[in-house]
file coords29.txt (compact mmCIF, C-alpha atoms and all ligand atoms)
# COMPACT_ATOMS: atom_id res chain seq x y z
CA MET E 1 127.34 114.04 69.96
CA SER E 2 129.61 116.98 70.69
CA CYS E 3 132.91 116.56 72.47
CA PHE E 4 131.46 118.64 75.32
CA LEU E 5 128.85 116.18 76.58
CA ASN E 6 129.55 114.79 80.04
CA SER E 7 130.91 111.29 79.66
CA LYS E 8 128.29 109.97 82.08
CA PHE E 9 125.64 110.78 79.44
CA SER E 10 127.52 109.51 76.42
CA ARG E 11 125.73 106.16 76.40
CA LEU E 12 122.32 107.44 77.46
CA VAL E 13 119.59 106.19 75.13
CA PRO E 14 116.64 108.57 75.44
CA TYR E 15 113.02 107.50 75.64
CA THR E 16 111.28 107.20 72.27
CA PRO E 17 107.89 108.93 72.36
CA GLY E 18 105.15 107.57 70.11
CA GLU E 19 105.59 109.02 66.63
CA GLN E 20 103.70 112.19 65.68
CA PRO E 21 104.15 112.23 61.87
CA LYS E 22 102.85 115.20 59.93
CA ASP E 23 103.06 113.81 56.36
CA MET E 24 99.35 112.99 56.27
CA LYS E 25 96.34 113.02 58.55
CA TYR E 26 96.41 109.88 60.65
CA ILE E 27 93.96 108.37 63.06
CA LYS E 28 96.19 108.43 66.12
CA LEU E 29 95.82 105.35 68.25
CA ASN E 30 99.49 105.15 69.25
CA THR E 31 100.09 107.34 72.33
CA ASN E 32 97.08 106.67 74.57
CA GLU E 33 95.75 110.20 74.28
CA SER E 34 92.06 110.82 74.83
CA PRO E 35 89.89 111.13 71.72
CA PHE E 36 87.81 113.71 73.59
CA ALA E 37 88.55 117.43 73.98
CA PRO E 38 89.42 118.70 77.46
CA SER E 39 86.49 119.67 79.67
CA PRO E 40 84.96 122.97 78.46
CA LYS E 41 85.47 124.27 81.97
CA ALA E 42 89.19 123.44 81.80
CA GLN E 43 89.48 125.19 78.44
CA MET E 44 87.72 128.28 79.74
CA MET E 45 89.85 128.53 82.85
CA ALA E 46 93.07 128.08 80.84
CA ALA E 47 92.00 130.87 78.48
CA LYS E 48 91.32 133.15 81.41
CA ALA E 49 94.70 132.39 82.96
CA ALA E 50 96.34 133.32 79.64
CA GLN E 51 95.41 136.94 80.36
CA SER E 52 97.93 137.01 83.22
CA LEU E 53 100.86 135.29 81.56
CA GLN E 54 103.13 138.27 82.25
CA LEU E 55 103.34 136.93 85.82
CA TYR E 56 105.21 133.83 86.93
CA SER E 57 103.04 130.88 87.77
CA ASP E 58 102.46 130.06 91.45
CA PRO E 59 105.30 127.64 92.36
CA GLU E 60 103.10 126.12 95.07
CA CYS E 61 100.11 125.75 92.71
CA ARG E 62 97.99 126.67 95.75
CA ASP E 63 94.56 126.82 94.11
CA LEU E 64 95.16 123.59 92.27
CA VAL E 65 96.60 121.87 95.35
CA PHE E 66 93.57 122.97 97.37
CA ALA E 67 91.13 121.65 94.75
CA ALA E 68 93.02 118.37 94.41
CA ALA E 69 93.37 117.82 98.18
CA LYS E 70 89.61 118.16 98.48
CA TYR E 71 89.00 115.91 95.47
CA PHE E 72 91.29 113.10 96.68
CA GLY E 73 90.54 113.44 100.39
CA ILE E 74 94.11 114.28 101.44
CA GLN E 75 96.00 117.14 103.09
CA THR E 76 97.48 119.95 101.00
CA ASP E 77 101.02 118.94 102.02
CA GLU E 78 100.51 115.40 100.73
CA ILE E 79 100.56 116.32 97.02
CA ILE E 80 103.05 117.78 94.53
CA PHE E 81 102.18 118.91 91.00
CA THR E 82 104.64 118.49 88.16
CA ASN E 83 105.12 118.98 84.44
CA GLY E 84 103.39 115.75 83.46
CA SER E 85 103.75 112.73 85.72
CA ASP E 86 106.99 111.95 83.90
CA GLU E 87 108.54 114.76 85.93
CA VAL E 88 107.45 113.44 89.32
CA LEU E 89 108.66 109.97 88.28
CA ASN E 90 112.04 111.45 87.36
CA PHE E 91 112.12 113.26 90.72
CA ALA E 92 111.43 109.95 92.47
CA PHE E 93 114.33 108.28 90.66
CA MET E 94 116.53 111.23 91.64
CA ALA E 95 115.39 111.33 95.25
CA PHE E 96 114.74 107.81 96.49
CA CYS E 97 116.89 105.25 94.68
CA GLU E 98 120.25 105.27 96.40
CA ASN E 99 120.04 101.52 97.01
CA GLY E 100 118.76 100.68 93.55
CA ALA E 101 115.38 100.22 91.91
CA VAL E 102 113.31 97.36 90.57
CA PHE E 103 110.51 97.28 88.02
CA PRO E 104 109.11 94.75 85.54
CA ASP E 105 110.93 93.90 82.29
CA VAL E 106 107.76 94.86 80.47
CA THR E 107 106.49 98.23 81.66
CA TYR E 108 106.63 101.96 80.95
CA GLY E 109 109.80 102.53 78.92
CA PHE E 110 110.72 105.70 80.77
CA TYR E 111 111.64 103.92 84.04
CA SER E 112 114.89 102.50 82.69
CA VAL E 113 115.71 105.83 81.01
CA PHE E 114 115.22 107.76 84.26
CA ALA E 115 117.31 105.17 86.09
CA GLU E 116 120.12 105.54 83.55
CA LEU E 117 119.89 109.33 83.58
CA ASN E 118 120.20 109.44 87.36
CA GLY E 119 122.85 106.74 87.64
CA VAL E 120 120.49 104.44 89.53
CA ASN E 121 121.29 100.73 89.66
CA TYR E 122 118.21 98.86 88.56
CA LYS E 123 116.95 95.40 87.92
CA GLU E 124 114.15 94.47 85.56
CA ILE E 125 112.10 91.62 86.96
CA PRO E 126 110.45 89.46 84.28
CA LEU E 127 106.67 89.40 84.26
CA LYS E 128 105.08 85.97 84.33
CA GLU E 129 104.47 84.17 81.04
CA ASP E 130 100.94 85.65 80.88
CA PHE E 131 102.37 89.19 81.39
CA SER E 132 101.04 89.49 84.94
CA VAL E 133 103.16 90.70 87.86
CA ASP E 134 104.20 88.02 90.35
CA ILE E 135 103.86 90.01 93.55
CA ASN E 136 106.20 87.59 95.37
CA ASP E 137 109.03 89.09 93.30
CA TYR E 138 108.49 92.40 95.09
CA ILE E 139 107.79 91.26 98.65
CA GLY E 140 110.68 92.40 100.85
CA VAL E 141 112.79 93.19 97.78
CA ASN E 142 114.60 96.00 99.64
CA LYS E 143 114.90 98.25 96.61
CA THR E 144 112.80 101.17 95.45
CA VAL E 145 109.87 99.65 93.57
CA PHE E 146 108.22 101.16 90.50
CA LEU E 147 104.99 99.55 89.33
CA ALA E 148 102.52 100.95 86.83
CA ASN E 149 98.98 100.00 87.80
CA PRO E 150 97.42 99.16 85.38
CA ASN E 151 100.69 98.20 83.76
CA ALA E 152 101.69 99.44 80.31
CA PRO E 153 101.60 98.19 77.62
CA THR E 154 99.67 95.19 78.95
CA GLY E 155 96.77 97.00 80.65
CA ILE E 156 96.77 94.37 83.43
CA ALA E 157 95.87 95.71 86.89
CA LEU E 158 96.94 94.64 90.37
CA SER E 159 94.53 94.63 93.31
CA VAL E 160 94.82 97.09 96.20
CA GLU E 161 95.47 94.14 98.53
CA ASP E 162 98.44 92.92 96.50
CA ILE E 163 99.95 96.40 96.31
CA GLU E 164 99.50 96.82 100.05
CA LYS E 165 101.48 93.60 100.64
CA ILE E 166 104.36 95.00 98.59
CA VAL E 167 104.29 98.38 100.35
CA LYS E 168 104.07 96.79 103.79
CA SER E 169 106.96 94.41 103.15
CA ASN E 170 109.37 97.17 102.06
CA PRO E 171 109.22 99.67 104.94
CA ASN E 172 112.77 100.90 104.27
CA ASN E 173 112.15 101.72 100.61
CA VAL E 174 109.74 103.85 98.67
CA VAL E 175 107.17 102.01 96.56
CA VAL E 176 106.01 104.12 93.61
CA ILE E 177 102.66 103.18 92.09
CA ASP E 178 102.19 104.87 88.72
CA GLU E 179 98.44 105.22 88.23
CA ALA E 180 98.50 106.90 84.80
CA TYR E 181 95.61 104.67 83.65
CA VAL E 182 93.80 104.03 86.92
CA ASP E 183 90.61 105.86 85.89
CA PHE E 184 89.85 103.30 83.18
CA GLY E 185 89.14 100.39 85.48
CA ALA E 186 91.65 99.83 88.29
CA LYS E 187 91.39 100.86 91.91
CA SER E 188 93.61 103.65 93.26
CA VAL E 189 95.82 103.06 96.30
CA ILE E 190 95.77 106.76 97.28
CA PRO E 191 93.90 105.97 100.56
CA LEU E 192 96.89 103.81 101.65
CA ILE E 193 99.17 106.84 101.97
CA LYS E 194 97.58 107.51 105.37
CA LYS E 195 98.83 104.15 106.56
CA TYR E 196 102.25 103.87 104.87
CA ASP E 197 104.82 106.65 104.74
CA ASN E 198 106.82 104.82 102.03
CA LEU E 199 104.07 104.87 99.39
CA LEU E 200 104.16 107.38 96.53
CA VAL E 201 101.24 107.36 94.09
CA THR E 202 101.57 109.22 90.79
CA GLN E 203 98.81 110.17 88.39
CA THR E 204 98.47 112.28 85.27
CA PHE E 205 95.96 114.59 83.60
CA SER E 206 97.22 113.34 80.20
CA LYS E 207 94.99 110.32 79.70
CA SER E 208 91.54 110.29 81.34
CA ARG E 209 91.49 114.10 81.68
CA SER E 210 92.38 114.89 78.04
CA LEU E 211 95.19 117.29 78.95
CA ALA E 212 98.26 115.57 77.47
CA GLY E 213 99.42 118.79 75.79
CA GLY E 214 98.95 120.75 79.01
CA ARG E 215 101.57 118.59 80.80
CA LEU E 216 100.14 118.07 84.28
CA GLY E 217 100.87 115.24 86.67
CA PHE E 218 101.20 114.80 90.40
CA GLY E 219 102.48 112.66 93.22
CA ILE E 220 100.57 111.87 96.41
CA GLY E 221 102.33 110.53 99.49
CA SER E 222 103.24 111.21 103.07
CA LYS E 223 104.14 114.78 103.97
CA LYS E 224 107.84 113.91 104.27
CA LEU E 225 108.03 112.23 100.87
CA ILE E 226 106.35 115.24 99.27
CA CYS E 227 108.76 117.55 101.09
CA ASP E 228 111.71 115.63 99.60
CA LEU E 229 110.23 115.86 96.12
CA ASN E 230 109.77 119.59 96.62
CA THR E 231 113.46 119.89 97.47
CA ILE E 232 114.21 118.47 94.03
CA LYS E 233 111.57 120.60 92.34
CA TYR E 234 112.82 123.84 93.91
CA SER E 235 116.37 122.87 92.96
CA THR E 236 115.50 122.44 89.29
CA ASN E 237 112.46 124.47 88.24
CA PRO E 238 110.04 125.96 90.81
CA TYR E 239 107.73 127.12 87.99
CA ASN E 240 107.37 123.64 86.52
CA VAL E 241 103.59 123.98 86.11
CA ASN E 242 102.51 126.93 83.98
CA SER E 243 99.52 129.05 85.01
CA MET E 244 97.28 128.02 82.10
CA THR E 245 97.80 124.35 82.84
CA ALA E 246 97.25 124.80 86.57
CA ALA E 247 93.96 126.59 85.81
CA ALA E 248 92.94 123.86 83.35
CA GLY E 249 93.65 121.31 86.08
CA ILE E 250 91.22 123.01 88.45
CA GLY E 251 88.58 123.16 85.72
CA SER E 252 89.04 119.47 85.06
CA LEU E 253 88.68 118.53 88.75
CA GLU E 254 85.54 120.65 88.97
CA ASP E 255 84.01 118.92 85.95
CA ASP E 256 84.05 115.40 87.30
CA GLU E 257 80.90 114.32 85.52
CA TYR E 258 82.43 115.12 82.13
CA ILE E 259 85.56 113.11 82.96
CA LYS E 260 83.68 110.13 84.39
CA ASN E 261 81.40 110.07 81.37
CA ASN E 262 84.39 110.02 79.01
CA CYS E 263 85.96 107.16 80.97
CA GLU E 264 82.72 105.19 80.67
CA LYS E 265 82.72 105.74 76.90
CA ILE E 266 86.31 104.50 76.68
CA LYS E 267 85.40 101.37 78.65
CA GLU E 268 82.44 100.68 76.34
CA ASN E 269 84.60 101.23 73.26
CA ARG E 270 87.29 98.96 74.70
CA GLU E 271 84.78 96.16 75.08
CA TYR E 272 83.51 96.78 71.55
CA LEU E 273 87.01 96.66 70.06
CA GLU E 274 87.92 93.52 72.01
CA LYS E 275 84.87 91.69 70.66
CA GLU E 276 85.58 92.77 67.08
CA LEU E 277 89.27 91.84 67.24
CA GLU E 278 88.48 88.42 68.66
CA LYS E 279 86.37 87.76 65.57
CA PHE E 280 89.49 88.41 63.43
CA GLY E 281 91.72 85.97 65.32
CA PHE E 282 93.31 88.37 67.80
CA SER E 283 93.89 87.48 71.43
CA MET E 284 94.65 90.08 74.08
CA THR E 285 95.53 90.70 77.70
CA ALA E 286 92.74 91.75 80.10
CA SER E 287 93.03 95.53 79.88
CA SER E 288 91.90 97.96 82.56
CA ALA E 289 93.42 100.86 80.61
CA ASN E 290 92.57 103.04 77.59
CA PHE E 291 94.44 100.72 75.24
CA ILE E 292 94.52 97.06 74.39
CA PHE E 293 97.51 94.86 73.83
CA ALA E 294 96.65 92.39 71.09
CA LYS E 295 98.32 89.61 69.16
CA HIS E 296 97.11 88.07 65.93
CA CYS E 297 97.22 84.28 65.49
CA SER E 298 99.27 84.48 62.29
CA ILE E 299 100.40 88.05 61.47
CA GLY E 300 103.24 89.70 63.42
CA GLY E 301 102.89 92.98 65.29
CA LYS E 302 105.30 94.83 63.03
CA ASP E 303 103.38 93.92 59.85
CA ILE E 304 100.13 95.02 61.40
CA TYR E 305 101.69 98.30 62.49
CA LEU E 306 103.23 99.01 59.05
CA LYS E 307 100.13 98.06 57.06
CA LEU E 308 97.88 100.14 59.30
CA LYS E 309 100.21 103.11 58.95
CA GLU E 310 100.03 102.82 55.15
CA LYS E 311 96.26 103.03 55.53
CA GLY E 312 96.40 106.07 57.80
CA VAL E 313 95.99 104.48 61.23
CA LEU E 314 98.82 104.74 63.77
CA VAL E 315 99.21 102.11 66.48
CA ARG E 316 102.24 101.28 68.64
CA HIS E 317 104.63 98.41 68.05
CA PHE E 318 107.53 97.48 70.32
CA ASP E 319 110.63 95.76 68.95
CA LYS E 320 111.47 94.09 72.27
CA GLU E 321 111.64 90.31 71.79
CA ARG E 322 108.85 89.51 74.25
CA LEU E 323 106.52 92.07 72.69
CA LYS E 324 107.16 91.81 68.97
CA ASP E 325 104.04 89.78 68.18
CA TYR E 326 101.85 92.40 69.81
CA THR E 327 100.24 95.67 68.86
CA ARG E 328 99.16 98.29 71.37
CA ILE E 329 96.05 100.09 70.25
CA THR E 330 94.70 103.18 72.02
CA ILE E 331 90.95 103.15 72.57
CA GLY E 332 89.69 106.02 70.44
CA SER E 333 86.20 107.21 69.62
CA LYS E 334 83.71 104.74 68.16
CA GLU E 335 84.22 106.36 64.73
CA GLN E 336 88.00 105.96 64.92
CA LEU E 337 87.67 102.34 66.00
CA ASP E 338 85.32 101.59 63.12
CA VAL E 339 87.94 102.88 60.66
CA LEU E 340 90.58 100.76 62.41
CA ILE E 341 88.38 97.66 62.20
CA GLU E 342 87.67 98.29 58.53
CA LYS E 343 91.38 98.70 57.73
CA LEU E 344 92.27 95.58 59.71
CA LYS E 345 89.69 93.65 57.74
CA GLU E 346 91.34 94.81 54.49
CA ILE E 347 94.81 93.89 55.76
CA LEU E 348 93.74 90.40 56.78
CA GLU E 349 92.13 89.88 53.38
CA GLU E 350 95.33 91.02 51.65
CA LEU E 351 97.67 88.90 53.76
CA LEU E 352 95.79 85.68 54.42
C1 LIG Y 1 101.51 108.33 79.86
C2 LIG Y 1 102.19 107.72 81.01
C3 LIG Y 1 102.85 108.49 82.00
C4 LIG Y 1 103.11 109.94 81.99
O1 LIG Y 1 102.48 110.75 81.24
P1 LIG Y 1 102.61 112.32 81.43
O2 LIG Y 1 102.01 112.82 80.17
O3 LIG Y 1 104.06 112.69 81.59
O4 LIG Y 1 101.83 112.66 82.64
C5 LIG Y 1 103.37 107.85 83.09
N1 LIG Y 1 103.29 106.52 83.22
C6 LIG Y 1 102.72 105.76 82.30
C7 LIG Y 1 102.67 104.29 82.52
C8 LIG Y 1 102.17 106.33 81.16
O5 LIG Y 1 101.65 105.56 80.22

call {"tool": "encode", "arguments": {"input": "coords29.txt", "output": "structure tokens"}}
result
Amino acid sequence: MSCFLNSKFSRLVPYTPGEQPKDMKYIKLNTNESPFAPSPKAQMMAAKAAQSLQLYSDPECRDLVFAAAKYFGIQTDEIIFTNGSDEVLNFAFMAFCENGAVFPDVTYGFYSVFAELNGVNYKEIPLKEDFSVDINDYIGVNKTVFLANPNAPTGIALSVEDIEKIVKSNPNNVVVIDEAYVDFGAKSVIPLIKKYDNLLVTQTFSKSRSLAGGRLGFGIGSKKLICDLNTIKYSTNPYNVNSMTAAAGIGSLEDDEYIKNNCEKIKENREYLEKELEKFGFSMTASSANFIFAKHCSIGGKDIYLKLKEKGVLVRHFDKERLKDYTRITIGSKEQLDVLIEKLKEILEELL
């Protein structure tokens, strides 16, 4: 740390992204990326946009906004595009949390970092013993609510009805529903934005749409919420979405069959992996996401993570006390999962 850093940041502990080591070729099942390439249409449109990179990108992302409004059945002033959904989440912490924020103790690690960064008071509400959200904890809580649905790293989803109860009971606060993994088996609450002006739904092109490296996310909410988020965007970086990524986004939305087909494959592979892991003595939460959260009956999460890494397979382990017995495994291709299963078999034979 230099002596020049603002004191308010001196204790900031940044988010730790999943490791991307380059020392050998790993099977990467640690950051919930898609095993599939982006839609060919998205790739083509990005390449075409590259020919005009001498120009600034469109700060309003008009073509993309138009395509997305049609796709999601909303108005063009009910959506904002950002540099990954992390950016819109940060904007929401900046914009809407004057009276504090609440989110689960086990959820996306970036929420507490954004809260710290923006000087937001926050409270982490413990999940139930089985890692599910007790919605009563959020009814009339009178703070800005952040909930990932499905939650990470548990994969457990809430119903639309339960989310509606939370939104309805907090009319004086924004409720942010982070739908990063919604395409893998949960139901989106986007239609509820017509009914509630305090609901902000965020999604990303990083997971189901195979565009993690493109950095594209968005928020959908009432016109006034989106206007506030645009105030923040235009006060930080109006060109937050580059032209290649915006074009890729349109291509992805226009290639729905490709995306839906990939999501189906992930769901099939998830079921396959769950069955195989159960045979080895793993138990897991009911995942509606592109990862599973699994615990072995006798070997700790850290050992599994380290042994798998030695054998060239990366998974995610969290040191947090409540999570240390668990391993989060991204659902890859069938071929990747077969290597994982094989390596796990070896590890169990070595250790038991
Ligand atoms: C991956 C993820 C995001 C954001 O990803 P971006 O790549 O920034 O769009 C947001 N929330 C959760 C829960 C995630 O897992």

call {"tool": "atom_distance", "arguments": {"input": "coords29.txt", "atom1": "atom CA of Ala248 of chain E", "atom2": "atom CA of Tyr26 of chain E"}}
result
26.9 Å

call {"tool": "residues_near_ligand", "arguments": {"input": "coords29.txt", "ligand": "ligand LIG 1 (chain Y)", "cutoff": "9 Å", "atoms": "only C-alpha atoms and all ligand atoms", "output": "number ranges by chain"}}
result
E: 31-33, 82-89, 107-111, 147-153, 178-181, 202-207, 211-218

call {"tool": "residues_around", "arguments": {"input": "coords29.txt", "residues": "segment 323-332 of chain E", "least_positions_apart": "6", "cutoff": "9 Å", "atoms": "only C-alpha atoms", "output": "PyMOL selection string"}}
result
chain E and resi 27-36+106+153-154+266-267+269-270+273+284+289-296+299-302+304-305+314-317

call {"tool": "residues_around", "arguments": {"input": "coords29.txt", "residues": "Phe93 of chain E", "least_positions_apart": "5", "cutoff": "9 Å", "atoms": "all atoms listed in the file", "output": "tab-separated table (two decimals) with C-alpha atoms, in the frame of the given file"}}
result
chain	number	residue	atom	x	y	z
E	88	VAL	CA	107.45	113.44	89.32
E	98	GLU	CA	120.25	105.27	96.40
E	101	ALA	CA	115.38	100.22	91.91
E	111	TYR	CA	111.64	103.92	84.04
E	114	PHE	CA	115.22	107.76	84.26
E	115	ALA	CA	117.31	105.17	86.09
E	118	ASN	CA	120.20	109.44	87.36
E	120	VAL	CA	120.49	104.44	89.53
E	144	THR	CA	112.80	101.17	95.45

call {"tool": "residues_around", "arguments": {"input": "coords29.txt", "residues": "Lys233 of chain E", "least_positions_apart": "6", "cutoff": "10 Å", "atoms": "all atoms listed in the file", "output": "number ranges by chain"}}
result
E: 59, 80-82, 87-88, 91, 227, 239-240

call {"tool": "atom_distance", "arguments": {"input": "coords29.txt", "atom1": "atom CA of Ile250 of chain E", "atom2": "atom CA of Cys61 of chain E"}}
result
10.2 Å

call {"tool": "closest_residue", "arguments": {"input": "coords29.txt", "among": "E:Glu60, E:Val174, E:Lys70, E:Tyr15", "to": "Asn237 of chain E", "atoms": "all atoms listed in the file"}}
result
E:Glu60

call {"tool": "atom_distance", "arguments": {"input": "coords29.txt", "atom1": "atom CA of Cys3 of chain E", "atom2": "atom CA of Leu117 of chain E"}}
result
18.6 Å

call {"tool": "closest_residue", "arguments": {"input": "coords29.txt", "among": "E:Gly140, E:Gly100, E:Gly185, E:Pro126", "to": "Ser208 of chain E", "atoms": "only C-alpha atoms"}}
result
E:Gly185

call {"tool": "residues_around", "arguments": {"input": "coords29.txt", "residues": "Ala37 of chain E", "least_positions_apart": "3", "cutoff": "10 Å", "atoms": "all atoms listed in the file", "output": "ChimeraX atom specification"}}
result
/E:34,40,42-43,209-211,262

call {"tool": "closest_residue", "arguments": {"input": "coords29.txt", "among": "E:Asp77, E:Asp130, E:Asp338, E:Glu350", "to": "Asp228 of chain E", "atoms": "only C-alpha atoms"}}
result
E:Asp77

call {"tool": "residues_around", "arguments": {"input": "coords29.txt", "residues": "Asn172 of chain E", "least_positions_apart": "2", "cutoff": "10 Å", "atoms": "only C-alpha atoms", "output": "MDAnalysis selection string"}}
result
chainID E and resid 140 142:144 167:170 174:175 197:198

call {"tool": "closest_residue", "arguments": {"input": "coords29.txt", "among": "E:Leu351, E:Ala246, E:Leu277, E:Cys297", "to": "Leu337 of chain E", "atoms": "all atoms listed in the file"}}
result
E:Leu277
